[in-house]
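Everything below belongs to run.cif, which stores mmCIF, C-alpha atoms.
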```cif
data_upload
loop_
_atom_site.group_PDB
_atom_site.id
_atom_site.type_symbol
_atom_site.label_atom_id
_atom_site.label_comp_id
_atom_site.auth_asym_id
_atom_site.auth_seq_id
_atom_site.Cartn_x
_atom_site.Cartn_y
_atom_site.Cartn_z
ATOM 1 C CA MET R 123 128.212 57.900 -56.145
ATOM 2 C CA SER R 124 130.090 60.185 -58.514
ATOM 3 C CA VAL R 125 133.611 61.403 -57.776
ATOM 4 C CA ALA R 126 132.255 64.970 -57.512
ATOM 5 C CA ASP R 127 129.718 63.801 -54.916
ATOM 6 C CA THR R 128 132.483 62.082 -52.951
ATOM 7 C CA ILE R 129 134.561 65.272 -53.013
ATOM 8 C CA ARG R 130 131.548 67.290 -51.867
ATOM 9 C CA ASP R 131 130.696 64.896 -49.041
ATOM 10 C CA LYS R 132 134.241 64.711 -47.687
ATOM 11 C CA LEU R 133 134.923 68.441 -47.844
ATOM 12 C CA ALA R 134 131.522 69.315 -46.356
ATOM 13 C CA ALA R 135 132.032 66.884 -43.481
ATOM 14 C CA ARG R 136 135.533 68.109 -42.666
ATOM 15 C CA PHE R 137 135.201 71.872 -43.203
ATOM 16 C CA ALA R 138 131.488 72.824 -43.023
ATOM 17 C CA PRO R 139 132.080 75.322 -45.845
ATOM 18 C CA THR R 140 130.028 78.441 -46.381
ATOM 19 C CA ARG R 141 130.565 77.958 -50.114
ATOM 20 C CA LEU R 142 131.673 74.900 -52.050
ATOM 21 C CA VAL R 143 131.828 74.764 -55.834
ATOM 22 C CA ILE R 144 133.070 71.665 -57.632
ATOM 23 C CA VAL R 145 133.518 71.723 -61.397
ATOM 24 C CA ASP R 146 134.373 68.594 -63.371
ATOM 25 C CA GLU R 147 136.747 69.771 -66.098
ATOM 26 C CA SER R 148 137.647 66.300 -67.331
ATOM 27 C CA HIS R 149 136.240 66.996 -70.786
ATOM 28 C CA ARG R 150 138.979 69.617 -71.277
ATOM 29 C CA HIS R 151 141.653 66.960 -70.721
ATOM 30 C CA ALA R 152 140.389 64.138 -72.933
ATOM 31 C CA GLY R 153 143.327 62.221 -74.349
ATOM 32 C CA HIS R 154 145.804 63.602 -71.807
ATOM 33 C CA ALA R 155 147.712 61.471 -69.326
ATOM 34 C CA GLY R 156 145.530 60.498 -66.380
ATOM 35 C CA ALA R 157 142.269 61.165 -68.205
ATOM 36 C CA ARG R 158 139.741 58.338 -68.355
ATOM 37 C CA PRO R 159 137.141 58.053 -71.115
ATOM 38 C CA GLU R 160 134.337 58.129 -68.525
ATOM 39 C CA GLY R 161 135.653 61.407 -67.115
ATOM 40 C CA GLU R 162 135.672 62.469 -63.471
ATOM 41 C CA THR R 163 139.454 62.851 -63.293
ATOM 42 C CA HIS R 164 140.102 66.614 -63.392
ATOM 43 C CA PHE R 165 138.365 68.998 -60.982
ATOM 44 C CA THR R 166 138.392 72.632 -59.969
ATOM 45 C CA VAL R 167 137.253 73.244 -56.393
ATOM 46 C CA THR R 168 136.472 76.517 -54.665
ATOM 47 C CA ILE R 169 135.929 76.142 -50.941
ATOM 48 C CA VAL R 170 135.258 78.875 -48.393
ATOM 49 C CA ALA R 171 135.468 77.718 -44.787
ATOM 50 C CA PRO R 172 136.078 79.193 -41.337
ATOM 51 C CA ALA R 173 138.722 76.490 -40.786
ATOM 52 C CA PHE R 174 140.992 78.333 -43.235
ATOM 53 C CA ALA R 175 141.097 81.568 -41.221
ATOM 54 C CA GLY R 176 144.647 82.419 -40.230
ATOM 55 C CA LEU R 177 146.210 79.783 -42.500
ATOM 56 C CA ASN R 178 148.285 80.515 -45.577
ATOM 57 C CA ARG R 179 147.398 79.128 -49.002
ATOM 58 C CA VAL R 180 149.750 76.149 -48.735
ATOM 59 C CA ALA R 181 148.442 75.097 -45.309
ATOM 60 C CA ARG R 182 144.854 75.329 -46.564
ATOM 61 C CA GLN R 183 145.601 73.235 -49.626
ATOM 62 C CA ARG R 184 147.417 70.637 -47.536
ATOM 63 C CA LEU R 185 144.277 70.213 -45.421
ATOM 64 C CA VAL R 186 142.190 69.642 -48.539
ATOM 65 C CA TYR R 187 144.737 67.209 -50.013
ATOM 66 C CA GLU R 188 144.810 65.338 -46.698
ATOM 67 C CA THR R 189 141.024 65.089 -46.739
ATOM 68 C CA LEU R 190 140.977 63.773 -50.318
ATOM 69 C CA ALA R 191 144.162 61.657 -50.120
ATOM 70 C CA GLU R 192 142.423 58.378 -50.959
ATOM 71 C CA ASP R 193 140.697 59.913 -53.981
ATOM 72 C CA LEU R 194 143.879 61.606 -55.197
ATOM 73 C CA ALA R 195 145.550 58.199 -55.168
ATOM 74 C CA GLY R 196 142.706 56.796 -57.259
ATOM 75 C CA PRO R 197 140.148 58.450 -59.476
ATOM 76 C CA ILE R 198 141.267 62.097 -59.202
ATOM 77 C CA HIS R 199 144.186 62.888 -61.486
ATOM 78 C CA ALA R 200 144.212 66.682 -61.165
ATOM 79 C CA LEU R 201 142.765 69.084 -58.628
ATOM 80 C CA SER R 202 142.828 72.868 -58.886
ATOM 81 C CA LEU R 203 142.026 74.592 -55.596
ATOM 82 C CA THR R 204 140.850 77.983 -54.432
ATOM 83 C CA THR R 205 140.709 77.960 -50.632
ATOM 84 C CA LEU R 206 139.385 80.994 -48.794
ATOM 85 C CA ALA R 207 138.355 82.051 -45.311
ATOM 86 C CA PRO R 208 134.870 83.621 -45.228
ATOM 87 C CA GLU R 209 136.269 87.160 -44.783
ATOM 88 C CA GLU R 210 138.207 86.718 -48.049
ATOM 89 C CA ASP R 211 135.200 85.591 -50.077
ATOM 90 C CA ARG R 212 134.032 88.427 -52.283
ATOM 91 C CA ARG R 213 130.708 86.646 -52.728
ATOM 92 C CA SER R 214 129.888 86.824 -49.014
ATOM 93 C CA PRO R 215 127.441 89.491 -47.870
#
```
Could you take the file, read its structure, and then write that structure out as C-alpha cells?
Amino acid sequence: MSVADTIRDKLAARFAPTRLVIVDESHRHAGHAGARPEGETHFTVTIVAPAFAGLNRVARQRLVYETLAEDLAGPIHALSLTTLAPEEDRRSP
C-alpha cells in the first residue's frame, strides 16, 4: 500500500470527510533533507470533515497529526494541511 493510500485510509476512518484530497509533492523536494529517492515523503492534504466544526486551526491539525503519528515518525517527512469544517468549504453546494 502506498503512503498516500495509508493517509487516505486513516483519515477516512477517523473523520469520515466530505472531501479529502492528498497530493504527493515529493518530486518538488528531491535532494532535500528527508526526501527519499522513491518519493512519498512530502504531502499536501486538504480535508473537510464535520469533526472539525467548532475547532480552531491548531486543534484540527493536532487531530490529524495524532491520527498520522506513526507515519509522521516514519515515511512522511513533511505534511501541509488544510483542515475545514463543511460550512467553510467553498466547494460544498
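For the residues R:Val145, R:Ala207, R:Val125, R:Ala134, ranking by smallest atom-to-atom distance to Asn178 in chain R using all atoms listed in the file places R:Ala207 first.
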Taking all listed atoms of range 130-147 of chain R, build the axis-aligned box, pad each of the six sides by 4 Å, then write its centre and edge lengths in Å to one decimal as AutoDock Vina command-line options.
```
--center_x 133.4 --center_y 71.6 --center_z -54.4 --size_x 14.7 --size_y 21.7 --size_z 31.4
```
Of the listed residues R:Leu194, R:Ile144, R:Leu206, R:Ala138, that which approaches Leu177 in chain R most closely, counting all atoms listed in the file: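 Ranking R:Leu194, R:Ile144, R:Leu206, R:Ala138 by distance to Leu177 in chain R, first place goes to R:Leu206.
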Shell of 12 Å around Ala191 in chain R, only C-alpha atoms, local chain residues under 5 positions omitted, as a PyMOL selection string: chain R and resi 129+132-133+183-186+196-199+201
Report, in Å with one decimal, the straight-line distance from CA of Val170 in chain R to CA of Ala135 in chain R. 13.4 Å
Just give me the gap between CA of Phe165 in chain R and CA of Arg212 in chain R in Å, one decimal is fine.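 Computing it gives 21.7 Å between the two atoms.
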Two-atom distance - CA of Arg141 in chain R, CA of Ala181 in chain R (Å): 18.7 Å
